[in-house]
$ cat data.cif   # mmCIF, C-alpha atoms
data_start
#
loop_
_atom_site.group_PDB
_atom_site.id
_atom_site.type_symbol
_atom_site.label_atom_id
_atom_site.label_comp_id
_atom_site.auth_asym_id
_atom_site.auth_seq_id
_atom_site.Cartn_x
_atom_site.Cartn_y
_atom_site.Cartn_z
ATOM 1 C CA MET D 1 178.609 92.180 72.996
ATOM 2 C CA SER D 2 175.486 91.417 71.036
ATOM 3 C CA LEU D 3 173.735 88.092 71.057
ATOM 4 C CA THR D 4 171.708 86.401 68.398
ATOM 5 C CA LEU D 5 168.086 87.220 69.042
ATOM 6 C CA THR D 6 165.457 84.530 68.791
ATOM 7 C CA LEU D 7 161.852 85.010 67.760
ATOM 8 C CA THR D 8 160.787 84.272 71.358
ATOM 9 C CA GLN D 9 163.157 86.925 72.779
ATOM 10 C CA ALA D 10 162.013 89.483 70.221
ATOM 11 C CA ARG D 11 158.340 88.850 70.987
ATOM 12 C CA ALA D 12 159.056 89.230 74.713
ATOM 13 C CA ALA D 13 160.483 92.693 73.968
ATOM 14 C CA LEU D 14 157.358 93.952 72.148
ATOM 15 C CA ASP D 15 156.304 97.486 73.117
ATOM 16 C CA SER D 16 159.611 98.219 74.828
ATOM 17 C CA GLY D 17 162.277 100.752 73.955
ATOM 18 C CA PHE D 18 165.671 100.282 72.330
ATOM 19 C CA VAL D 19 167.926 103.298 72.950
ATOM 20 C CA LEU D 20 170.347 104.672 70.386
ATOM 21 C CA ASP D 21 173.138 106.733 71.950
ATOM 22 C CA LEU D 22 172.767 110.060 70.210
ATOM 23 C CA THR D 23 172.680 113.532 71.760
ATOM 24 C CA PRO D 24 169.974 113.475 72.999
ATOM 25 C CA PRO D 25 169.378 109.680 73.079
ATOM 26 C CA LEU D 26 166.803 108.349 70.610
ATOM 27 C CA THR D 27 164.360 105.608 71.660
ATOM 28 C CA LEU D 28 163.016 103.229 69.041
ATOM 29 C CA TRP D 29 159.902 101.345 70.163
ATOM 30 C CA LEU D 30 159.494 97.741 69.073
ATOM 31 C CA ARG D 31 155.908 97.564 67.770
ATOM 32 C CA GLU D 32 155.812 94.369 65.688
ATOM 33 C CA VAL D 33 157.629 91.046 65.461
ATOM 34 C CA ASN D 34 156.658 89.029 62.384
ATOM 35 C CA PRO D 35 157.823 85.626 61.142
ATOM 36 C CA VAL D 36 159.083 85.771 57.548
ATOM 37 C CA THR D 37 159.776 83.085 54.979
ATOM 38 C CA GLY D 38 163.348 81.936 55.021
ATOM 39 C CA PRO D 39 165.636 79.158 56.125
ATOM 40 C CA GLY D 40 165.851 78.670 59.858
ATOM 41 C CA GLU D 41 164.066 81.021 62.223
ATOM 42 C CA ALA D 42 163.509 84.159 60.148
ATOM 43 C CA PHE D 43 161.615 87.186 61.476
ATOM 44 C CA SER D 44 161.399 90.946 61.252
ATOM 45 C CA MET D 45 161.257 93.546 63.971
ATOM 46 C CA ILE D 46 159.379 96.787 63.250
ATOM 47 C CA PHE D 47 160.391 99.878 65.237
ATOM 48 C CA HIS D 48 158.630 103.242 65.542
ATOM 49 C CA ALA D 49 160.595 106.382 66.361
ATOM 50 C CA PRO D 50 160.260 110.157 66.173
ATOM 51 C CA ALA D 51 160.569 111.615 62.664
ATOM 52 C CA GLU D 52 163.727 113.492 63.663
ATOM 53 C CA PRO D 53 166.501 112.663 63.547
ATOM 54 C CA ALA D 54 165.938 110.468 60.496
ATOM 55 C CA LEU D 55 168.201 107.420 60.488
ATOM 56 C CA SER D 56 169.845 106.174 57.303
ATOM 57 C CA GLN D 57 170.042 102.491 56.393
ATOM 58 C CA GLN D 58 172.974 101.100 58.370
ATOM 59 C CA THR D 59 173.982 99.127 61.462
ATOM 60 C CA TYR D 60 173.327 100.783 64.831
ATOM 61 C CA ARG D 61 174.231 99.845 68.385
ATOM 62 C CA LEU D 62 171.054 99.861 70.464
ATOM 63 C CA ARG D 63 170.632 99.199 74.181
ATOM 64 C CA HIS D 64 167.679 97.314 75.641
ATOM 65 C CA GLU D 65 166.770 96.923 79.307
ATOM 66 C CA THR D 66 166.685 93.101 79.282
ATOM 67 C CA LEU D 67 168.367 92.144 75.984
ATOM 68 C CA GLY D 68 171.455 94.293 76.525
ATOM 69 C CA GLU D 69 173.453 95.766 73.677
ATOM 70 C CA GLN D 70 172.364 94.781 70.174
ATOM 71 C CA TRP D 71 173.859 95.673 66.807
ATOM 72 C CA LEU D 72 170.925 95.926 64.395
ATOM 73 C CA PHE D 73 170.910 96.721 60.678
ATOM 74 C CA LEU D 74 167.971 99.109 60.369
ATOM 75 C CA VAL D 75 166.155 99.840 57.133
ATOM 76 C CA PRO D 76 163.881 102.917 56.979
ATOM 77 C CA LEU D 77 160.393 101.908 55.827
ATOM 78 C CA SER D 78 158.641 105.267 56.126
ATOM 79 C CA GLU D 79 159.201 108.754 57.440
ATOM 80 C CA GLY D 80 156.699 111.482 58.026
ATOM 81 C CA GLY D 81 155.144 113.963 60.394
ATOM 82 C CA GLU D 82 153.890 111.251 62.736
ATOM 83 C CA GLY D 83 157.244 109.520 63.004
ATOM 84 C CA ALA D 84 159.515 107.048 61.299
ATOM 85 C CA VAL D 85 159.300 103.280 60.912
ATOM 86 C CA TYR D 86 162.360 101.028 60.699
ATOM 87 C CA GLU D 87 162.807 97.289 60.127
ATOM 88 C CA ALA D 88 165.491 94.835 61.233
ATOM 89 C CA LEU D 89 165.543 91.328 59.725
ATOM 90 C CA PHE D 90 166.875 88.185 61.400
ATOM 91 C CA ASN D 91 167.618 84.787 59.921
ATOM 92 C CA ASN D 92 168.953 82.419 62.582
#
$ encode --input "data.cif" --output "structure tokens"
Amino acid sequence: MSLTLTLTQARAALDSGFVLDLTPPLTLWLREVNPVTGPGEAFSMIFHAPAEPALSQQTYRLRHETLGEQWLFLVPLSEGGEGAVYEALFNN
């Protein structure tokens, strides 16, 4: 079961991996956590991953060592030879 992430929890997970159960598993690395304008506690999480496989915009179940299972709606920001960048937005 997923929990609602807070800005503090997200920042504590910086530079750690979130694993997507594919064959083989794909690790997305949390590289940035940024506050955004919005009601409540709004923030974005920026993930870096290998360029392949490219992920489409949708909700994915990711596993994290300390945060457990999370369902995150990922939006591709860029894709290229050096890897892909994805964003998840939160508004608690």
$ resolve_selection --input "data.cif" --expression "the PyMOL selection byres ((chain D and resi 89) around 10)" --output "list in words"
Val33, Asn34, Pro35, Val36, Ala42, Phe43, Ser44, Met45, Ile46, Leu72, Phe73, Leu74, Val75, Glu87, Ala88, Phe90, Asn91 and Asn92 of chain D
$ residues_around --input "data.cif" --residues "range 52-56 of chain D" --least-positions-apart "2" --cutoff "12 Å" --atoms "only C-alpha atoms" --output "VMD selection string"
chain D and resid 20 22 to 28 47 to 50 58 to 60 73 to 87
$ atom_distance --input "data.cif" --atom1 "CA of Leu30 in chain D" --atom2 "CA of Gly17 in chain D"
6.4 Å
$ atom_distance --input "data.cif" --atom1 "CA of Trp71 in chain D" --atom2 "CA of Thr6 in chain D"
14.1 Å
$ atom_distance --input "data.cif" --atom1 "CA of Asp21 in chain D" --atom2 "CA of Leu7 in chain D"
24.8 Å
$ axis_aligned_box --input "data.cif" --around "range 87-92 of chain D" --padding-each-side "5 Å" --output "AutoDock Vina command-line options"
--center_x 165.9 --center_y 89.9 --center_z 61.2 --size_x 16.1 --size_y 24.9 --size_z 12.9
$ closest_residue --input "data.cif" --among "D:Gln57, D:Gly40, D:Thr66, D:Ala51" --to "Ala12 in chain D" --atoms "only C-alpha atoms"
D:Thr66
$ resolve_selection --input "data.cif" --expression "the PyMOL selection byres ((chain D and resi 63) around 6)" --output "ChimeraX atom specification"
/D:18-19,62,64,68-69
$ build_atoms --input "data.cif" --residues "range 8-27 of chain D" --atoms "N, CA, C and O atoms" --output "PDB file, keeping the file's coordinate frame"
ATOM      1  N   THR D   8     161.386  84.217  70.017  1.00  0.00           N
ATOM      2  CA  THR D   8     160.787  84.272  71.358  1.00  0.00           C
ATOM      3  C   THR D   8     161.290  85.486  72.131  1.00  0.00           C
ATOM      4  O   THR D   8     160.508  86.194  72.763  1.00  0.00           O
ATOM      5  N   GLN D   9     162.597  85.761  72.085  1.00  0.00           N
ATOM      6  CA  GLN D   9     163.157  86.925  72.779  1.00  0.00           C
ATOM      7  C   GLN D   9     162.613  88.216  72.190  1.00  0.00           C
ATOM      8  O   GLN D   9     162.301  89.153  72.927  1.00  0.00           O
ATOM      9  N   ALA D  10     162.520  88.272  70.871  1.00  0.00           N
ATOM     10  CA  ALA D  10     162.013  89.483  70.221  1.00  0.00           C
ATOM     11  C   ALA D  10     160.563  89.730  70.616  1.00  0.00           C
ATOM     12  O   ALA D  10     160.191  90.858  70.945  1.00  0.00           O
ATOM     13  N   ARG D  11     159.745  88.674  70.595  1.00  0.00           N
ATOM     14  CA  ARG D  11     158.340  88.850  70.987  1.00  0.00           C
ATOM     15  C   ARG D  11     158.214  89.294  72.436  1.00  0.00           C
ATOM     16  O   ARG D  11     157.329  90.085  72.769  1.00  0.00           O
ATOM     17  N   ALA D  12     159.095  88.822  73.303  1.00  0.00           N
ATOM     18  CA  ALA D  12     159.056  89.230  74.713  1.00  0.00           C
ATOM     19  C   ALA D  12     159.397  90.710  74.876  1.00  0.00           C
ATOM     20  O   ALA D  12     159.027  91.323  75.880  1.00  0.00           O
ATOM     21  N   ALA D  13     160.083  91.283  73.901  1.00  0.00           N
ATOM     22  CA  ALA D  13     160.483  92.693  73.968  1.00  0.00           C
ATOM     23  C   ALA D  13     159.483  93.628  73.289  1.00  0.00           C
ATOM     24  O   ALA D  13     159.728  94.839  73.227  1.00  0.00           O
ATOM     25  N   LEU D  14     158.363  93.106  72.802  1.00  0.00           N
ATOM     26  CA  LEU D  14     157.358  93.952  72.148  1.00  0.00           C
ATOM     27  C   LEU D  14     156.946  95.119  73.039  1.00  0.00           C
ATOM     28  O   LEU D  14     156.830  94.969  74.263  1.00  0.00           O
ATOM     29  N   ASP D  15     156.743  96.256  72.437  1.00  0.00           N
ATOM     30  CA  ASP D  15     156.304  97.486  73.117  1.00  0.00           C
ATOM     31  C   ASP D  15     157.305  98.006  74.140  1.00  0.00           C
ATOM     32  O   ASP D  15     156.935  98.717  75.064  1.00  0.00           O
ATOM     33  N   SER D  16     158.577  97.660  73.963  1.00  0.00           N
ATOM     34  CA  SER D  16     159.611  98.219  74.828  1.00  0.00           C
ATOM     35  C   SER D  16     160.579  99.035  73.975  1.00  0.00           C
ATOM     36  O   SER D  16     160.589  98.942  72.744  1.00  0.00           O
ATOM     37  N   GLY D  17     161.383  99.837  74.645  1.00  0.00           N
ATOM     38  CA  GLY D  17     162.277 100.752  73.955  1.00  0.00           C
ATOM     39  C   GLY D  17     163.687 100.227  73.783  1.00  0.00           C
ATOM     40  O   GLY D  17     164.229  99.563  74.661  1.00  0.00           O
ATOM     41  N   PHE D  18     164.264 100.539  72.628  1.00  0.00           N
ATOM     42  CA  PHE D  18     165.671 100.282  72.330  1.00  0.00           C
ATOM     43  C   PHE D  18     166.305 101.658  72.162  1.00  0.00           C
ATOM     44  O   PHE D  18     165.839 102.462  71.353  1.00  0.00           O
ATOM     45  N   VAL D  19     167.351 101.950  72.911  1.00  0.00           N
ATOM     46  CA  VAL D  19     167.926 103.298  72.950  1.00  0.00           C
ATOM     47  C   VAL D  19     169.182 103.378  72.100  1.00  0.00           C
ATOM     48  O   VAL D  19     170.108 102.571  72.240  1.00  0.00           O
ATOM     49  N   LEU D  20     169.193 104.368  71.221  1.00  0.00           N
ATOM     50  CA  LEU D  20     170.347 104.672  70.386  1.00  0.00           C
ATOM     51  C   LEU D  20     171.067 105.850  71.026  1.00  0.00           C
ATOM     52  O   LEU D  20     170.449 106.880  71.313  1.00  0.00           O
ATOM     53  N   ASP D  21     172.367 105.687  71.276  1.00  0.00           N
ATOM     54  CA  ASP D  21     173.138 106.733  71.950  1.00  0.00           C
ATOM     55  C   ASP D  21     173.478 107.875  71.011  1.00  0.00           C
ATOM     56  O   ASP D  21     174.525 107.895  70.374  1.00  0.00           O
ATOM     57  N   LEU D  22     172.546 108.796  70.907  1.00  0.00           N
ATOM     58  CA  LEU D  22     172.767 110.060  70.210  1.00  0.00           C
ATOM     59  C   LEU D  22     172.694 111.160  71.254  1.00  0.00           C
ATOM     60  O   LEU D  22     172.456 110.900  72.423  1.00  0.00           O
ATOM     61  N   THR D  23     172.849 112.409  70.845  1.00  0.00           N
ATOM     62  CA  THR D  23     172.680 113.532  71.760  1.00  0.00           C
ATOM     63  C   THR D  23     171.542 114.383  71.247  1.00  0.00           C
ATOM     64  O   THR D  23     171.707 115.060  70.249  1.00  0.00           O
ATOM     65  N   PRO D  24     170.353 114.340  71.874  1.00  0.00           N
ATOM     66  CA  PRO D  24     169.974 113.475  72.999  1.00  0.00           C
ATOM     67  C   PRO D  24     169.693 112.047  72.511  1.00  0.00           C
ATOM     68  O   PRO D  24     169.524 111.819  71.310  1.00  0.00           O
ATOM     69  N   PRO D  25     169.646 111.071  73.456  1.00  0.00           N
ATOM     70  CA  PRO D  25     169.378 109.680  73.079  1.00  0.00           C
ATOM     71  C   PRO D  25     168.044 109.542  72.334  1.00  0.00           C
ATOM     72  O   PRO D  25     167.102 110.281  72.594  1.00  0.00           O
ATOM     73  N   LEU D  26     167.998 108.606  71.408  1.00  0.00           N
ATOM     74  CA  LEU D  26     166.803 108.349  70.610  1.00  0.00           C
ATOM     75  C   LEU D  26     166.271 106.968  70.980  1.00  0.00           C
ATOM     76  O   LEU D  26     167.019 105.992  70.950  1.00  0.00           O
ATOM     77  N   THR D  27     164.984 106.889  71.328  1.00  0.00           N
ATOM     78  CA  THR D  27     164.360 105.608  71.660  1.00  0.00           C
ATOM     79  C   THR D  27     163.532 105.133  70.483  1.00  0.00           C
ATOM     80  O   THR D  27     162.695 105.861  69.966  1.00  0.00           O
TER      81      THR D  27
END
